[in-house]
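Scroll down for the structure; my scribbles are underneath it.
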Amino acid sequence: MVLALPLTTLVAALLLPVSLAIPSPSWSVRGGGGNGGGGHPQHKEVAFVLVGDSTTNNATTVNGGGWGNGFCGSNAVDPPDPSSLAPNTFCENTAKNGATTGTFVANGYWAYAVDVVKSQVALGRRTLITIQFGHNDQKIAPPESMGQNLTWMVDELRAIGGEPILVTPLTRRSFRTNGTIADTLELWANQTKLIAQQKHTHLLDLWQTSITYCEALGPTLCHVLNRTPDDNTHLNQNGSIVFGRMVADLMKKSYGRDKLPIIPNPPLSYNISHGIPSYYPEDTTNTTTTT
């Protein structure tokens, strides 16, 4: 159940609004956009391709784990996931569970994503590709290794006419006793930011924005978005909707006046930007099903 405006006095009293203002990158962006790029014809169709690990992936499983279905939408689950995009907008989620920047390439997933991008570019569509890693790269190598892989991913996508967007990793929802997030992803988030600055790409700071939002909610209400009660990494369907909208709103802000086919959801966007929950324990859809 997504709250509709106006918000109740009770909610307003319990949860003070917390602004999630995210500064725009200080570097100019290559490939168009609201941060200094060259721009694109407003009539040109836009396509989206998602690249990443399980915190982006959703596949066809309810409570599948990532924010991707909340961004692209999906009719492959019941009930369907609503899209953050205008009807008939192409959006393919190529993210894979357990992937690092290295295994995504080694296992052939990158080659598939590149083929999807090429097909959309060939159709004359402006093709935006989100790239979000860190959760699994963290387990096997220093952040600089992920940074090297992100660098050549950006270069290859640009070489085939794609427009890469780097996304910092979604926070894990593990809390300290004082109510703050027990974060372990900062170095990988910072590496993503560094590569975005060096390569002049758009950057969506999902890591910091999701930390701020979860700390505003607190453990109980943030864990309502967990895939299973004790899974603080992956998302249930409601979590996919919330964080898919968060990504959409960050993208819309990053691109400024450069129009993208992102449809508004004012109540949900308001709740996210003000640290207010849209779901409560009675709304939870998390299960014990594994993916």
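Here, A, B, ... name the chains of the structure tokens in the order displayed, residue numbers run from 1 inside each chain, and ligands are numbered from 1 in the same displayed order.
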Those in region 55-273 of chain A with helix (DSSP H, G or I) from DSSP, as a ChimeraX atom specification: /A:68-72,101-106,109-122,137-140,143-159,186-199,206-217,219-223,237-255,266-273
Go ahead and write the residues just picked, C-alpha atoms, as a CSV table (one decimal), in the first residue's frame.
```csv
chain,number,residue,atom,x,y,z
A,68,GLY,CA,15.3,-3.4,-11.5
A,69,ASN,CA,11.6,-4.4,-11.7
A,70,GLY,CA,10.6,-1.2,-9.8
A,71,PHE,CA,12.4,0.8,-12.5
A,72,CYS,CA,11.5,-1.2,-15.7
A,101,THR,CA,32.5,-6.6,-12.8
A,102,GLY,CA,34.8,-9.5,-13.7
A,103,THR,CA,32.4,-12.5,-13.7
A,104,PHE,CA,29.8,-10.4,-15.5
A,105,VAL,CA,32.2,-10.4,-18.4
A,106,ALA,CA,33.7,-13.8,-18.0
A,109,TYR,CA,26.5,-11.5,-19.5
A,110,TRP,CA,28.4,-8.4,-20.7
A,111,ALA,CA,28.5,-9.6,-24.3
A,112,TYR,CA,24.7,-10.1,-24.1
A,113,ALA,CA,24.2,-6.6,-22.6
A,114,VAL,CA,26.4,-5.1,-25.4
A,115,ASP,CA,24.3,-6.9,-28.0
A,116,VAL,CA,21.1,-5.5,-26.5
A,117,VAL,CA,22.7,-2.0,-26.6
A,118,LYS,CA,23.8,-2.4,-30.2
A,119,SER,CA,20.3,-3.5,-31.2
A,120,GLN,CA,18.7,-0.4,-29.6
A,121,VAL,CA,21.2,2.0,-31.0
A,122,ALA,CA,20.6,0.4,-34.5
A,137,ASP,CA,33.5,-7.1,-6.0
A,138,GLN,CA,34.0,-6.2,-2.4
A,139,LYS,CA,34.4,-9.9,-1.5
A,140,ILE,CA,37.2,-10.7,-3.9
A,143,PRO,CA,37.9,-1.2,-5.1
A,144,GLU,CA,40.6,-0.2,-7.6
A,145,SER,CA,40.1,-3.5,-9.5
A,146,MET,CA,36.4,-2.7,-9.9
A,147,GLY,CA,37.3,0.8,-11.0
A,148,GLN,CA,39.5,-0.5,-13.8
A,149,ASN,CA,36.6,-2.7,-15.0
A,150,LEU,CA,34.1,0.1,-14.8
A,151,THR,CA,36.5,2.3,-16.9
A,152,TRP,CA,36.6,-0.1,-19.8
A,153,MET,CA,32.9,-0.8,-19.6
A,154,VAL,CA,32.2,2.9,-20.0
A,155,ASP,CA,34.6,3.1,-22.9
A,156,GLU,CA,33.1,0.1,-24.7
A,157,LEU,CA,29.6,1.3,-24.3
A,158,ARG,CA,30.5,4.7,-25.7
A,159,ALA,CA,32.3,3.1,-28.6
A,186,GLU,CA,31.8,3.1,1.1
A,187,LEU,CA,35.1,2.4,-0.6
A,188,TRP,CA,33.4,0.8,-3.6
A,189,ALA,CA,30.9,3.6,-3.7
A,190,ASN,CA,33.7,6.1,-3.7
A,191,GLN,CA,35.5,4.2,-6.5
A,192,THR,CA,32.3,4.4,-8.6
A,193,LYS,CA,32.2,8.1,-8.0
A,194,LEU,CA,35.9,8.5,-9.0
A,195,ILE,CA,35.4,6.7,-12.3
A,196,ALA,CA,32.3,8.8,-13.0
A,197,GLN,CA,34.4,11.9,-12.5
A,198,GLN,CA,37.3,10.6,-14.5
A,199,LYS,CA,35.1,9.5,-17.4
A,206,LEU,CA,22.2,5.3,-4.8
A,207,TRP,CA,24.5,4.3,-1.9
A,208,GLN,CA,24.3,7.6,0.0
A,209,THR,CA,20.6,8.2,-0.9
A,210,SER,CA,19.5,4.8,0.3
A,211,ILE,CA,21.5,5.1,3.5
A,212,THR,CA,19.9,8.4,4.3
A,213,TYR,CA,16.4,7.0,3.6
A,214,CYS,CA,16.9,3.8,5.6
A,215,GLU,CA,18.4,5.7,8.6
A,216,ALA,CA,15.3,8.1,8.5
A,217,LEU,CA,13.0,5.0,8.6
A,219,PRO,CA,15.4,-0.7,11.3
A,220,THR,CA,11.8,-1.9,11.7
A,221,LEU,CA,10.4,0.1,8.8
A,222,CYS,CA,13.5,-0.3,6.6
A,223,HIS,CA,13.4,-4.1,7.1
A,237,GLN,CA,8.5,-6.5,-4.3
A,238,ASN,CA,7.7,-3.4,-2.2
A,239,GLY,CA,11.5,-2.7,-1.8
A,240,SER,CA,11.9,-3.0,-5.6
A,241,ILE,CA,9.2,-0.4,-6.1
A,242,VAL,CA,10.7,2.0,-3.5
A,243,PHE,CA,14.3,1.8,-4.7
A,244,GLY,CA,13.4,1.6,-8.4
A,245,ARG,CA,11.6,4.9,-7.9
A,246,MET,CA,14.6,6.2,-6.0
A,247,VAL,CA,16.9,5.4,-9.0
A,248,ALA,CA,14.3,7.0,-11.4
A,249,ASP,CA,14.2,10.2,-9.4
A,250,LEU,CA,18.0,10.3,-9.1
A,251,MET,CA,18.3,9.9,-12.9
A,252,LYS,CA,15.7,12.6,-13.5
A,253,LYS,CA,17.5,15.0,-11.3
A,254,SER,CA,20.9,14.2,-12.9
A,255,TYR,CA,19.6,14.8,-16.4
A,266,PRO,CA,4.5,12.3,-6.5
A,267,PRO,CA,3.4,10.5,-3.3
A,268,LEU,CA,6.2,7.9,-3.4
A,269,SER,CA,8.8,10.4,-4.5
A,270,TYR,CA,7.7,12.7,-1.7
A,271,ASN,CA,8.0,10.0,0.9
A,272,ILE,CA,11.5,9.0,-0.3
A,273,SER,CA,12.8,12.5,-0.4
```
Point-to-point distance in Å for CA of Thr171 (chain A) and CA of Leu235 (chain A): 11.1 Å
Atomic distance CA of Val29 (chain A) - CA of Leu260 (chain A), expressed in Å with one decimal: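 These atoms are spaced 16.0 Å apart.
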Pick from A:His202, A:Arg125, A:Lys259, A:His234 nearest to Arg173 (chain A), counting only C-alpha atoms: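 Smallest separation from Arg173 (chain A) among the options: A:His234.
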Residue with smallest distance to Cys91 (chain A) - pool A:Gly65, A:Arg126, A:Leu203, A:Phe48, counting only C-alpha atoms: A:Phe48
